[in-house]
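A.B. asks: Dropping in final09.pdb, with PDB, C-alpha atoms.
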ATOM      1  CA  MET A   1      20.187  17.301   0.748
ATOM      2  CA  ALA A   2      17.094  16.495   2.775
ATOM      3  CA  GLN A   3      13.789  17.028   1.042
ATOM      4  CA  HIS A   4      11.030  18.949   2.758
ATOM      5  CA  THR A   5       7.417  18.179   1.973
ATOM      6  CA  GLN A   6       4.523  20.199   3.324
ATOM      7  CA  ILE A   7       1.554  18.173   4.414
ATOM      8  CA  LEU A   8      -1.707  19.584   3.141
ATOM      9  CA  TYR A   9      -5.064  18.950   4.699
ATOM     10  CA  ASN A  10      -8.495  19.607   3.228
ATOM     11  CA  ARG A  11     -11.034  19.840   6.041
ATOM     12  CA  TYR A  12     -13.918  19.602   3.576
ATOM     13  CA  SER A  13     -12.815  16.239   2.231
ATOM     14  CA  ARG A  14     -14.790  13.228   3.432
ATOM     15  CA  CYS A  15     -13.892   9.544   3.479
ATOM     16  CA  THR A  16     -16.262   6.674   4.251
ATOM     17  CA  LEU A  17     -14.737   3.250   4.773
ATOM     18  CA  LEU A  18     -17.298   0.534   5.411
ATOM     19  CA  SER A  19     -14.931  -2.450   5.597
ATOM     20  CA  PHE A  20     -11.231  -3.257   5.563
ATOM     21  CA  GLY A  21      -9.463  -2.652   2.280
ATOM     22  CA  HIS A  22      -6.011  -3.631   1.011
ATOM     23  CA  SER A  23      -5.439  -1.209  -1.857
ATOM     24  CA  PHE A  24      -2.912  -0.990  -4.648
ATOM     25  CA  LEU A  25      -1.763   2.386  -5.957
ATOM     26  CA  VAL A  26       0.843   3.105  -8.648
ATOM     27  CA  PHE A  27       2.440   6.527  -8.867
ATOM     28  CA  PRO A  28       4.529   7.982 -11.723
ATOM     29  CA  SER A  29       8.281   7.833 -11.299
ATOM     30  CA  LYS A  30       9.769  10.909  -9.696
ATOM     31  CA  ARG A  31      10.489  13.596 -12.272
ATOM     32  CA  SER A  32       9.733  17.265 -12.737
ATOM     33  CA  VAL A  33       6.935  18.277 -15.115
ATOM     34  CA  GLY A  34       6.718  22.044 -15.393
ATOM     35  CA  ASN A  35       6.556  23.324 -11.829
ATOM     36  CA  GLN A  36       5.332  19.999 -10.441
ATOM     37  CA  THR A  37       7.238  16.941  -9.261
ATOM     38  CA  ASN A  38       5.760  13.468  -9.537
ATOM     39  CA  GLY A  39       6.559  10.660  -7.137
ATOM     40  CA  TYR A  40       5.602   9.319  -3.720
ATOM     41  CA  ASN A  41       6.096  12.586  -1.809
ATOM     42  CA  ALA A  42       4.119  14.541  -4.396
ATOM     43  CA  MET A  43       1.223  12.096  -4.039
ATOM     44  CA  ILE A  44       1.024  12.114  -0.236
ATOM     45  CA  PRO A  45      -0.974  15.383   0.149
ATOM     46  CA  ARG A  46      -3.788  13.900  -1.971
ATOM     47  CA  LEU A  47      -3.962  10.760   0.131
ATOM     48  CA  LEU A  48      -3.863  12.657   3.402
ATOM     49  CA  ALA A  49      -6.550  15.081   2.277
ATOM     50  CA  HIS A  50      -8.721  12.065   1.521
ATOM     51  CA  TYR A  51      -8.128   9.943   4.611
ATOM     52  CA  LEU A  52      -7.740  12.709   7.209
ATOM     53  CA  GLY A  53     -10.924  14.275   5.860
ATOM     54  CA  SER A  54     -12.780  11.933   8.192
ATOM     55  CA  LYS A  55     -12.310  12.673  11.892
ATOM     56  CA  ASN A  56     -12.703   8.947  12.503
ATOM     57  CA  ASN A  57      -9.381   8.113  10.810
ATOM     58  CA  VAL A  58      -5.793   8.008  12.022
ATOM     59  CA  VAL A  59      -3.110   7.699   9.315
ATOM     60  CA  ILE A  60       0.252   5.958   9.730
ATOM     61  CA  LEU A  61       2.517   7.197   6.931
ATOM     62  CA  LEU A  62       5.787   5.484   6.024
ATOM     63  CA  ILE A  63       8.493   7.965   5.001
ATOM     64  CA  ASP A  64      12.153   7.809   4.033
ATOM     65  CA  ASP A  65      14.931   9.105   6.270
ATOM     66  CA  LYS A  66      15.724  12.108   4.060
ATOM     67  CA  THR A  67      12.287  13.688   3.995
ATOM     68  CA  SER A  68      11.008  16.022   6.685
ATOM     69  CA  TYR A  69       7.392  17.027   6.991
ATOM     70  CA  SER A  70       5.592  20.014   8.414
ATOM     71  CA  ILE A  71       2.024  21.165   8.665
ATOM     72  CA  PRO A  72       0.809  24.537   7.333
ATOM     73  CA  ALA A  73       0.582  27.568   9.652
ATOM     74  CA  LYS A  74      -3.235  27.475   9.571
ATOM     75  CA  LEU A  75      -3.206  23.977  11.020
ATOM     76  CA  ARG A  76      -0.723  24.961  13.709
ATOM     77  CA  GLU A  77      -3.005  27.849  14.667
ATOM     78  CA  ARG A  78      -5.981  25.502  14.762
ATOM     79  CA  GLU A  79      -4.135  23.082  17.045
ATOM     80  CA  LYS A  80      -3.158  26.003  19.263
ATOM     81  CA  ARG A  81      -6.844  26.946  19.608
ATOM     82  CA  ILE A  82      -7.720  23.316  20.391
ATOM     83  CA  ASN A  83      -5.150  23.279  23.184
ATOM     84  CA  GLN A  84      -6.402  26.571  24.581
ATOM     85  CA  GLN A  85      -9.974  25.253  24.599
ATOM     86  CA  ALA A  86      -8.786  22.064  26.284
ATOM     87  CA  ARG A  87      -7.008  24.014  29.024
ATOM     88  CA  SER A  88     -10.003  26.263  29.571
ATOM     89  CA  SER A  89     -12.212  23.189  29.850
ATOM     90  CA  LYS A  90      -9.736  21.639  32.308
ATOM     91  CA  VAL A  91      -9.272  18.606  30.080
ATOM     92  CA  SER A  92      -6.481  16.278  31.128
ATOM     93  CA  SER A  93      -3.074  17.453  29.895
ATOM     94  CA  LYS A  94      -2.493  14.191  28.062
ATOM     95  CA  TYR A  95      -4.995  15.364  25.448
ATOM     96  CA  GLN A  96      -3.242  18.682  24.912
ATOM     97  CA  ARG A  97      -1.004  18.952  21.867
ATOM     98  CA  LYS A  98       2.310  20.666  21.459
ATOM     99  CA  PRO A  99       2.201  23.202  18.634
ATOM    100  CA  GLU A 100       5.350  21.829  16.983
ATOM    101  CA  ASN A 101       6.213  18.383  15.653
ATOM    102  CA  TYR A 102       7.748  16.052  18.221
ATOM    103  CA  ASP A 103       9.118  12.546  18.497
ATOM    104  CA  VAL A 104       7.510  10.123  20.888
ATOM    105  CA  GLY A 105       8.159   6.516  21.807
ATOM    106  CA  VAL A 106       5.194   4.516  23.041
ATOM    107  CA  GLU A 107       6.234   1.657  25.355
ATOM    108  CA  ASP A 108       9.353   1.036  23.292
ATOM    109  CA  PRO A 109      11.639   4.111  23.254
ATOM    110  CA  ASN A 110      13.528   2.713  20.256
ATOM    111  CA  PHE A 111      10.383   2.693  18.138
ATOM    112  CA  SER A 112      10.098   6.448  17.722
ATOM    113  CA  MET A 113       7.292   7.853  15.635
ATOM    114  CA  ARG A 114       6.299  11.414  14.984
ATOM    115  CA  TYR A 115       2.770  12.566  15.693
ATOM    116  CA  LEU A 116       1.082  15.483  13.951
ATOM    117  CA  GLU A 117      -2.425  16.777  13.308
ATOM    118  CA  SER A 118      -3.704  16.210  16.849
ATOM    119  CA  ASP A 119      -2.154  12.740  16.854
ATOM    120  CA  ARG A 120      -4.176  11.736  13.784
ATOM    121  CA  LEU A 121      -1.135  11.637  11.507
ATOM    122  CA  VAL A 122       1.730   9.355  12.507
ATOM    123  CA  LEU A 123       5.023   9.499  10.603
ATOM    124  CA  MET A 124       7.225   6.432  10.737
ATOM    125  CA  LYS A 125      10.674   6.452   9.165
ATOM    126  CA  ILE A 126      11.795   3.451   7.163
ATOM    127  CA  SER A 127      14.922   3.106   9.343
ATOM    128  CA  ASN A 128      12.764   2.709  12.483
ATOM    129  CA  LEU A 129      10.713  -0.012  10.850
ATOM    130  CA  ARG A 130      13.845  -1.745   9.535
ATOM    131  CA  ASP A 131      15.743  -1.679  12.828
ATOM    132  CA  GLN A 132      12.784  -2.903  14.813
ATOM    133  CA  ALA A 133      12.026  -5.674  12.342
ATOM    134  CA  LYS A 134      15.628  -6.881  12.492
ATOM    135  CA  SER A 135      15.530  -6.935  16.289
ATOM    136  CA  GLU A 136      12.947  -9.718  16.040
ATOM    137  CA  GLY A 137      15.436 -12.153  14.519
ATOM    138  CA  ASP A 138      18.972 -13.364  15.055
ATOM    139  CA  SER A 139      20.204 -12.717  11.491
ATOM    140  CA  ASN A 140      20.928  -9.409   9.795
ATOM    141  CA  GLN A 141      18.309 -10.104   7.165
ATOM    142  CA  THR A 142      14.743  -9.007   7.764
ATOM    143  CA  THR A 143      12.126 -11.532   6.711
ATOM    144  CA  PRO A 144       8.664 -10.587   5.454
ATOM    145  CA  GLU A 145       7.182 -12.220   8.557
ATOM    146  CA  MET A 146       9.287 -10.035  10.874
ATOM    147  CA  LEU A 147       8.249  -6.952   8.937
ATOM    148  CA  THR A 148       4.542  -7.761   9.214
ATOM    149  CA  LYS A 149       4.891  -8.323  12.960
ATOM    150  CA  LYS A 150       6.555  -4.936  13.405
ATOM    151  CA  TRP A 151       3.733  -3.242  11.526
ATOM    152  CA  ILE A 152       1.302  -4.886  13.927
ATOM    153  CA  LYS A 153       3.363  -3.660  16.880
ATOM    154  CA  ALA A 154       3.384  -0.106  15.507
ATOM    155  CA  ILE A 155      -0.368  -0.229  14.938
ATOM    156  CA  ARG A 156      -0.939  -1.375  18.517
ATOM    157  CA  MET A 157       1.102   1.561  19.807
ATOM    158  CA  VAL A 158      -0.947   4.003  17.762
ATOM    159  CA  ARG A 159      -4.148   2.291  18.860
ATOM    160  CA  LYS A 160      -3.334   3.029  22.512
ATOM    161  CA  LYS A 161      -3.191   6.745  21.728
ATOM    162  CA  ASN A 162      -6.258   6.715  19.470
ATOM    163  CA  SER A 163      -8.563   4.093  20.908
ATOM    164  CA  GLN A 164     -11.757   5.307  19.235
ATOM    165  CA  GLN A 165     -10.530   5.917  15.684
ATOM    166  CA  ASN A 166      -9.934   3.766  12.615
ATOM    167  CA  ILE A 167      -6.383   3.253  11.356
ATOM    168  CA  VAL A 168      -5.270   3.796   7.763
ATOM    169  CA  ILE A 169      -1.744   2.767   6.719
ATOM    170  CA  ILE A 170      -0.011   4.378   3.738
ATOM    171  CA  SER A 171       3.081   2.389   2.811
ATOM    172  CA  ASN A 172       5.668   2.678   0.030
ATOM    173  CA  SER A 173       6.426  -0.800  -1.298
ATOM    174  CA  ASP A 174       9.494   0.379  -3.210
ATOM    175  CA  LEU A 175      10.863   2.028  -0.079
ATOM    176  CA  ILE A 176      10.363  -1.206   1.860
ATOM    177  CA  THR A 177      11.969  -3.290  -0.899
ATOM    178  CA  ALA A 178      15.071  -1.077  -1.144
ATOM    179  CA  GLY A 179      15.383  -0.189   2.542
ATOM    180  CA  ILE A 180      14.498  -3.477   4.227
ATOM    181  CA  LEU A 181      14.052  -6.420   1.851
ATOM    182  CA  ASP A 182      17.392  -6.241  -0.008
ATOM    183  CA  ASN A 183      15.724  -5.227  -3.295
ATOM    184  CA  SER A 184      14.059  -8.628  -3.547
ATOM    185  CA  LEU A 185      10.703  -8.669  -5.343
ATOM    186  CA  ASP A 186      10.214 -12.231  -4.114
ATOM    187  CA  MET A 187      10.376 -11.074  -0.498
ATOM    188  CA  LEU A 188       8.160  -8.083  -1.303
ATOM    189  CA  LEU A 189       5.424 -10.353  -2.619
ATOM    190  CA  LYS A 190       5.753 -12.628   0.422
ATOM    191  CA  TYR A 191       5.347  -9.527   2.569
ATOM    192  CA  GLU A 192       2.263  -8.437   0.597
ATOM    193  CA  GLN A 193       0.859 -11.935   0.986
ATOM    194  CA  GLY A 194       1.440 -11.706   4.723
ATOM    195  CA  VAL A 195      -0.384  -8.374   4.924
ATOM    196  CA  ALA A 196      -3.325  -9.922   3.085
ATOM    197  CA  LYS A 197      -3.231 -12.961   5.373
ATOM    198  CA  TYR A 198      -3.229 -10.916   8.592
ATOM    199  CA  PHE A 199      -5.552  -8.072   7.659
ATOM    200  CA  ARG A 200      -7.580  -8.741   4.516
ATOM    201  CA  ASN A 201      -9.843 -11.464   5.893
ATOM    202  CA  ALA A 202     -13.119  -9.793   6.835
ATOM    203  CA  GLU A 203     -13.418 -12.171   9.785
ATOM    204  CA  SER A 204      -9.952 -11.356  11.132
ATOM    205  CA  GLN A 205     -10.241 -10.680  14.845
ATOM    206  CA  LEU A 206      -6.921  -8.812  14.721
ATOM    207  CA  THR A 207      -8.250  -6.406  12.104
ATOM    208  CA  LYS A 208     -11.427  -5.804  14.084
ATOM    209  CA  ARG A 209      -9.642  -5.412  17.401
ATOM    210  CA  LEU A 210      -7.115  -2.910  16.058
ATOM    211  CA  ARG A 211      -9.751  -1.189  13.869
ATOM    212  CA  ILE A 212      -7.580  -1.318  10.754
ATOM    213  CA  LYS A 213      -9.695   0.039   7.932
ATOM    214  CA  GLN A 214      -7.296   0.508   5.021
ATOM    215  CA  VAL A 215      -3.788  -0.435   3.934
ATOM    216  CA  VAL A 216      -2.616   1.495   0.859
ATOM    217  CA  CYS A 217       0.444  -0.024  -0.840
ATOM    218  CA  CYS A 218       2.106   2.486  -3.159
ATOM    219  CA  TYR A 219       4.279   1.302  -6.049
ATOM    220  CA  ASP A 220       6.519   3.210  -8.426
ATOM    221  CA  LYS A 221       5.427   2.705 -12.035
ATOM    222  CA  THR A 222       8.887   1.467 -13.018
ATOM    223  CA  THR A 223       8.596  -1.407 -10.526
ATOM    224  CA  ILE A 224       5.394  -2.596 -12.190
ATOM    225  CA  GLU A 225       7.018  -2.337 -15.608
ATOM    226  CA  LYS A 226       9.806  -4.693 -14.473
ATOM    227  CA  MET A 227       7.511  -7.362 -13.011
ATOM    228  CA  PRO A 228       7.007 -10.599 -14.991
ATOM    229  CA  VAL A 229       3.496 -11.958 -15.439
ATOM    230  CA  SER A 230       3.508 -14.224 -12.371
ATOM    231  CA  TYR A 231       4.540 -11.324 -10.125
ATOM    232  CA  LEU A 232       1.849  -9.096 -11.616
ATOM    233  CA  ILE A 233      -0.866 -11.686 -10.976
ATOM    234  CA  SER A 234       0.281 -12.062  -7.367
ATOM    235  CA  ALA A 235       0.577  -8.323  -6.759
ATOM    236  CA  ILE A 236      -2.956  -7.720  -8.024
ATOM    237  CA  SER A 237      -4.506 -10.714  -6.280
ATOM    238  CA  TYR A 238      -3.101  -9.711  -2.874
ATOM    239  CA  HIS A 239      -5.017  -6.407  -3.085
ATOM    240  CA  ASP A 240      -8.739  -5.896  -3.403
ATOM    241  CA  SER A 241      -8.731  -2.554  -5.207
ATOM    242  CA  LEU A 242      -6.777  -0.078  -7.308
ATOM    243  CA  LEU A 243      -6.730   3.563  -6.239
ATOM    244  CA  ASP A 244      -6.527   6.501  -8.630
ATOM    245  CA  TYR A 245      -3.188   8.308  -8.237
ATOM    246  CA  SER A 246      -4.722  11.690  -9.021
ATOM    247  CA  ASP A 247      -7.924  11.182  -7.003
ATOM    248  CA  PRO A 248      -7.899   8.544  -4.223
ATOM    249  CA  THR A 249     -11.693   8.686  -3.980
ATOM    250  CA  ASN A 250     -11.799   6.745  -7.267
ATOM    251  CA  MET A 251     -11.419   3.046  -6.596
ATOM    252  CA  THR A 252     -11.472   0.059  -8.960
ATOM    253  CA  LYS A 253     -12.397  -3.232  -7.306
ATOM    254  CA  MET A 254     -10.242  -6.178  -8.378
ATOM    255  CA  GLU A 255     -12.199  -9.432  -8.277
ATOM    256  CA  ASP A 256     -10.756 -12.784  -9.383
ATOM    257  CA  TYR A 257     -13.032 -12.938 -12.422
ATOM    258  CA  ARG A 258     -11.649  -9.602 -13.587
ATOM    259  CA  LEU A 259      -8.083 -10.844 -13.249
ATOM    260  CA  LEU A 260      -8.920 -14.001 -15.206
ATOM    261  CA  GLY A 261     -10.565 -11.832 -17.864
ATOM    262  CA  LEU A 262      -7.311  -9.895 -18.323
ATOM    263  CA  ILE A 263      -5.386 -13.163 -18.708
ATOM    264  CA  SER A 264      -7.927 -14.316 -21.303
ATOM    265  CA  LYS A 265      -7.630 -11.031 -23.170
ATOM    266  CA  GLY A 266      -3.859 -11.378 -23.363
ATOM    267  CA  ILE A 267      -4.165 -14.914 -24.753
ATOM    268  CA  ASN A 268      -6.807 -13.988 -27.326
ATOM    269  CA  LYS A 269      -4.882 -10.975 -28.608
ATOM    270  CA  ILE A 270      -2.155 -13.305 -29.863
ATOM    271  CA  MET A 271      -3.975 -16.563 -30.558
ATOM    272  CA  GLY A 272      -7.382 -15.320 -31.653
ATOM    273  CA  ALA A 273     -10.842 -15.011 -30.100
ATOM    274  CA  GLY A 274     -11.893 -17.991 -27.984
ATOM    275  CA  SER A 275      -8.374 -19.381 -27.639
ATOM    276  CA  ASP A 276      -8.418 -18.716 -23.892
ATOM    277  CA  LYS A 277     -11.107 -21.360 -23.367
ATOM    278  CA  LEU A 278      -9.016 -23.973 -25.162
ATOM    279  CA  VAL A 279      -5.891 -23.024 -23.198
ATOM    280  CA  PHE A 280      -7.694 -23.150 -19.841
ATOM    281  CA  HIS A 281      -9.313 -26.478 -20.739
ATOM    282  CA  THR A 282      -5.923 -27.947 -21.694
ATOM    283  CA  LEU A 283      -4.303 -26.738 -18.476
ATOM    284  CA  LYS A 284      -7.105 -28.317 -16.481
ATOM    285  CA  ALA A 285      -7.007 -31.619 -18.392
ATOM    286  CA  MET A 286      -3.226 -32.037 -18.425
ATOM    287  CA  TYR A 287      -2.170 -30.487 -15.109
ATOM    288  CA  ASN A 288      -5.390 -30.176 -13.092
ATOM    289  CA  LEU A 289      -4.765 -26.404 -13.050
ATOM    290  CA  ASP A 290      -8.070 -24.620 -12.509
ATOM    291  CA  ASP A 291      -8.990 -20.913 -12.266
ATOM    292  CA  ASP A 292      -8.288 -20.704  -8.540
ATOM    293  CA  GLN A 293      -4.824 -22.208  -8.941
ATOM    294  CA  ILE A 294      -3.971 -19.842 -11.793
ATOM    295  CA  ILE A 295      -4.412 -16.944  -9.375
ATOM    296  CA  SER A 296      -3.057 -18.575  -6.218
ATOM    297  CA  ASN A 297      -0.032 -20.157  -7.945
ATOM    298  CA  PRO A 298       0.800 -17.962 -10.954
ATOM    299  CA  ARG A 299       4.346 -19.306 -11.278
ATOM    300  CA  LEU A 300       2.976 -22.794 -11.849
ATOM    301  CA  PHE A 301       0.521 -21.313 -14.368
ATOM    302  CA  GLU A 302       3.369 -19.583 -16.236
ATOM    303  CA  GLU A 303       5.446 -22.783 -16.238
ATOM    304  CA  LYS A 304       2.627 -25.021 -17.526
ATOM    305  CA  LEU A 305       1.497 -22.431 -20.043
ATOM    306  CA  GLY A 306       5.014 -22.544 -21.490
ATOM    307  CA  LYS A 307       4.791 -26.317 -21.900
ATOM    308  CA  VAL A 308       1.356 -26.139 -23.535
ATOM    309  CA  LEU A 309       2.169 -23.351 -26.004
ATOM    310  CA  GLY A 310       5.795 -24.178 -26.757
ATOM    311  CA  LYS A 311       7.599 -21.586 -28.901
ATOM    312  CA  SER A 312       4.648 -19.165 -28.873
ATOM    313  CA  ALA A 313       4.499 -19.112 -25.069
ATOM    314  CA  LYS A 314       6.804 -16.123 -24.622
ATOM    315  CA  THR A 315       4.722 -13.914 -26.921
ATOM    316  CA  VAL A 316       1.485 -14.929 -25.191
ATOM    317  CA  ILE A 317       2.944 -14.437 -21.708
ATOM    318  CA  ASN A 318       4.186 -10.966 -22.678
ATOM    319  CA  SER A 319       0.724 -10.142 -24.006
ATOM    320  CA  ILE A 320      -0.875 -11.189 -20.694
ATOM    321  CA  ALA A 321       1.652  -9.077 -18.782
ATOM    322  CA  ASN A 322       0.853  -6.071 -20.985
ATOM    323  CA  GLU A 323      -2.883  -6.413 -20.263
ATOM    324  CA  LEU A 324      -2.239  -6.638 -16.527
ATOM    325  CA  ARG A 325       0.014  -3.556 -16.569
ATOM    326  CA  LYS A 326      -2.502  -1.632 -18.641
ATOM    327  CA  GLU A 327      -5.207  -2.396 -16.088
ATOM    328  CA  ILE A 328      -2.955  -1.287 -13.225
ATOM    329  CA  PHE A 329      -1.868   1.921 -14.956
ATOM    330  CA  GLU A 330      -5.364   2.845 -16.097
ATOM    331  CA  GLY A 331      -6.790   2.044 -12.673
ATOM    332  CA  SER A 332      -4.166   4.321 -11.138
ATOM    333  CA  ILE A 333      -4.520   6.899 -13.973
ATOM    334  CA  CYS A 334      -0.775   7.271 -14.359
ATOM    335  CA  SER A 335      -0.246   5.745 -17.802
ATOM    336  CA  SER A 336       0.403   9.090 -19.458
ATOM    337  CA  ASN A 337       2.895  10.348 -16.875
TER
END
Translate this file's structure into structure tokens.
C.D. replies:
Amino acid sequence: MAQHTQILYNRYSRCTLLSFGHSFLVFPSKRSVGNQTNGYNAMIPRLLAHYLGSKNNVVILLIDDKTSYSIPAKLREREKRINQQARSSKVSSKYQRKPENYDVGVEDPNFSMRYLESDRLVLMKISNLRDQAKSEGDSNQTTPEMLTKKWIKAIRMVRKKNSQQNIVIISNSDLITAGILDNSLDMLLKYEQGVAKYFRNAESQLTKRLRIKQVVCCYDKTTIEKMPVSYLISAISYHDSLLDYSDPTNMTKMEDYRLLGLISKGINKIMGAGSDKLVFHTLKAMYNLDDDQIISNPRLFEEKLGKVLGKSAKTVINSIANELRKEIFEGSICSSN
């Protein structure tokens, strides 16, 4: 049965985004707690209240094919008043909004997206993104590169309708993995790396031209729990901040030194205080593996760490993974859910 989620909007909420951000957010697995249900759909109203609180933002929201969305009656009445004012002011009809939800294709009729909230909220179904990404290649498999290109195409379409506003993307990484990337965490991380490559660079002309201000990548907690240490390092390093699940205004910046500190903490918990310095020195001396390479090539780090530590490597690696997960869960405030 199709789920139905009501989109809430808090007009008093305010959001100030000074530069592009690629954020990481972990939500509790879907389950009922009392009268509340956790999960991606339960989290969306909080994110929308935050990002749509600024009139300068347009939000592109990735949704599954089984979920329908609507806006509250008060918002429909408000949009009706806006349209009436527009007509009375003889504003061009292209700026007038229909009171109900509607599907629209911009340039490409196959790339249908749904526009709500005076065109400031754009809903894109996972099937649309998947089909369009596959159309870029000859094979049935969608590559991370194809997927990134289709996001860029979708953003350009939205930009044509909202030329003066900043774009915020809210994406569900688990939905993309299951619906497009054949449940491959390897391909998911390549996709995340591609997003960082295209958008994260502050000097990116593409980011500036399209006015992309924020990409929020949402992960189910169970996905993080399954990730080995090398995947966790990559997932964190591809994002510049962790968002609080319960309050998106709370943000934890993730710098490289902080990530290295978590790795050190995991080593020292098993081997004793100061052991991290000896381990890092050995990795550098034997394999020329420095701090930058630990973060940029975590699989190599995990492999060489195993050779250096021998039988104790597995325990140390698990300890590092636990510290990384703890940081993610505490940063997202979902550890108790």
A.B. asks: Apply the PyMOL selection byres ((chain A and resi 154) around 9) to the structure shown and report the selected residues as a list in words.
C.D. replies: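 This file gives the following for the PyMOL selection byres ((chain A and resi 154) around 9): Ile60, Phe111, Met113, Met124, Leu129, Lys149, Lys150, Trp151, Ile152, Lys153, Ile155, Arg156, Met157, Val158 and Arg159 of chain A.
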A.B. asks: Using all atoms of range 281-293 of chain A that appear in the file, construct an axis-aligned enclosing box with 8 Å of padding on every side and provide its centre coordinates and edge lengths in Å, rounded to one decimal, as JSON.
C.D. replies:
{"center_x": -5.7, "center_y": -26.4, "center_z": -15.1, "size_x": 23.1, "size_y": 27.3, "size_z": 29.2}
A.B. asks: One decimal, in Å: what's the spacing between CA of Leu121 in chain A and CA of Ala49 in chain A?
C.D. replies: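 Answer for the CA of Leu121 in chain A to CA of Ala49 in chain A separation: 11.2 Å.
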A.B. asks: To one decimal in Å, tell me the separation between CA of Asp220 in chain A and CA of Arg325 in chain A.
C.D. replies: 12.4 Å
A.B. asks: Choose the residue, out of A:Leu260, A:Leu48, A:Leu147, A:Leu175, that has the smallest atom-to-atom separation from Gln193 in chain A; count only C-alpha atoms.
C.D. replies: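 Ranked by minimum distance to Gln193 in chain A, first place goes to A:Leu147.
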A.B. asks: So what do you get for CA of Leu262 in chain A versus CA of Thr177 in chain A, distance-wise?
C.D. replies: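 CA of Leu262 in chain A sits 26.8 Å away from CA of Thr177 in chain A.
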A.B. asks: Name the residues in contact with range 302-309 of chain A at a cut-off of 10 Å, using all atoms listed in the file, excluding same-chain residues fewer than 4 positions from it; report them as a PDB file with C-alpha atoms, in the coordinates of the input.
C.D. replies:
ATOM      1  CA  PRO A 228       7.007 -10.599 -14.991  1.00  0.00           C
ATOM      2  CA  VAL A 229       3.496 -11.958 -15.439  1.00  0.00           C
ATOM      3  CA  SER A 230       3.508 -14.224 -12.371  1.00  0.00           C
ATOM      4  CA  VAL A 279      -5.891 -23.024 -23.198  1.00  0.00           C
ATOM      5  CA  PHE A 280      -7.694 -23.150 -19.841  1.00  0.00           C
ATOM      6  CA  THR A 282      -5.923 -27.947 -21.694  1.00  0.00           C
ATOM      7  CA  LEU A 283      -4.303 -26.738 -18.476  1.00  0.00           C
ATOM      8  CA  MET A 286      -3.226 -32.037 -18.425  1.00  0.00           C
ATOM      9  CA  TYR A 287      -2.170 -30.487 -15.109  1.00  0.00           C
ATOM     10  CA  LEU A 289      -4.765 -26.404 -13.050  1.00  0.00           C
ATOM     11  CA  ILE A 294      -3.971 -19.842 -11.793  1.00  0.00           C
ATOM     12  CA  ASN A 297      -0.032 -20.157  -7.945  1.00  0.00           C
ATOM     13  CA  PRO A 298       0.800 -17.962 -10.954  1.00  0.00           C
ATOM     14  CA  ALA A 313       4.499 -19.112 -25.069  1.00  0.00           C
ATOM     15  CA  LYS A 314       6.804 -16.123 -24.622  1.00  0.00           C
ATOM     16  CA  THR A 315       4.722 -13.914 -26.921  1.00  0.00           C
ATOM     17  CA  VAL A 316       1.485 -14.929 -25.191  1.00  0.00           C
ATOM     18  CA  ILE A 317       2.944 -14.437 -21.708  1.00  0.00           C
TER      19      ILE A 317
END
A.B. asks: Which residues would end up in the selection if the PyMOL selection byres ((chain A and resi 217) around 8) were applied here, given that I need the answer as a list in words?
C.D. replies: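 Taken over the shown coordinates, the PyMOL selection byres ((chain A and resi 217) around 8) returns His22, Ser23, Phe24, Leu25, Ile170, Ser171, Asn172, Ser173, Val215, Val216, Cys218 and Tyr219 of chain A.
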A.B. asks: Could you expand the PyMOL selection byres ((chain A and resi 268) around 12) into the explicit residues it covers here, written as a ChimeraX atom specification?
C.D. replies: /A:261-267,269-280,315-317,319-320,323
A.B. asks: Using only C-alpha atoms, find the one residue out of A:Leu185, A:Leu300, A:Val59, A:Val168 that sits nearest to Leu123 in chain A.
C.D. replies: A:Val59
A.B. asks: Could you pull the residues within 10 Å of Ile328 in chain A, counting all atoms listed in the file, minus those fewer than 5 positions along the same chain, as a list in words?
C.D. replies: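 Residues near the query, excluding close chain neighbours: Phe24, Leu25, Val26, Lys221, Ile224, Leu232, Ile236, Ser241, Leu242, Leu243, Asp244, Thr252, Asn322, Glu323, Ile333, Cys334 and Ser335 of chain A.
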A.B. asks: Just C-alpha atoms for this one: save the residues we selected as a PDB file, in the coordinates of the input.
C.D. replies:
ATOM      1  CA  PHE A  24      -2.912  -0.990  -4.648  1.00  0.00           C
ATOM      2  CA  LEU A  25      -1.763   2.386  -5.957  1.00  0.00           C
ATOM      3  CA  VAL A  26       0.843   3.105  -8.648  1.00  0.00           C
ATOM      4  CA  LYS A 221       5.427   2.705 -12.035  1.00  0.00           C
ATOM      5  CA  ILE A 224       5.394  -2.596 -12.190  1.00  0.00           C
ATOM      6  CA  LEU A 232       1.849  -9.096 -11.616  1.00  0.00           C
ATOM      7  CA  ILE A 236      -2.956  -7.720  -8.024  1.00  0.00           C
ATOM      8  CA  SER A 241      -8.731  -2.554  -5.207  1.00  0.00           C
ATOM      9  CA  LEU A 242      -6.777  -0.078  -7.308  1.00  0.00           C
ATOM     10  CA  LEU A 243      -6.730   3.563  -6.239  1.00  0.00           C
ATOM     11  CA  ASP A 244      -6.527   6.501  -8.630  1.00  0.00           C
ATOM     12  CA  THR A 252     -11.472   0.059  -8.960  1.00  0.00           C
ATOM     13  CA  ASN A 322       0.853  -6.071 -20.985  1.00  0.00           C
ATOM     14  CA  GLU A 323      -2.883  -6.413 -20.263  1.00  0.00           C
ATOM     15  CA  ILE A 333      -4.520   6.899 -13.973  1.00  0.00           C
ATOM     16  CA  CYS A 334      -0.775   7.271 -14.359  1.00  0.00           C
ATOM     17  CA  SER A 335      -0.246   5.745 -17.802  1.00  0.00           C
TER      18      SER A 335
END
A.B. asks: At most 9 Å from (8.7, -2.7, 9.1), file frame, only C-alpha atoms: which residues, as a PyMOL selection string?
C.D. replies: chain A and resi 126-134+142+144+146-151+154+176+180
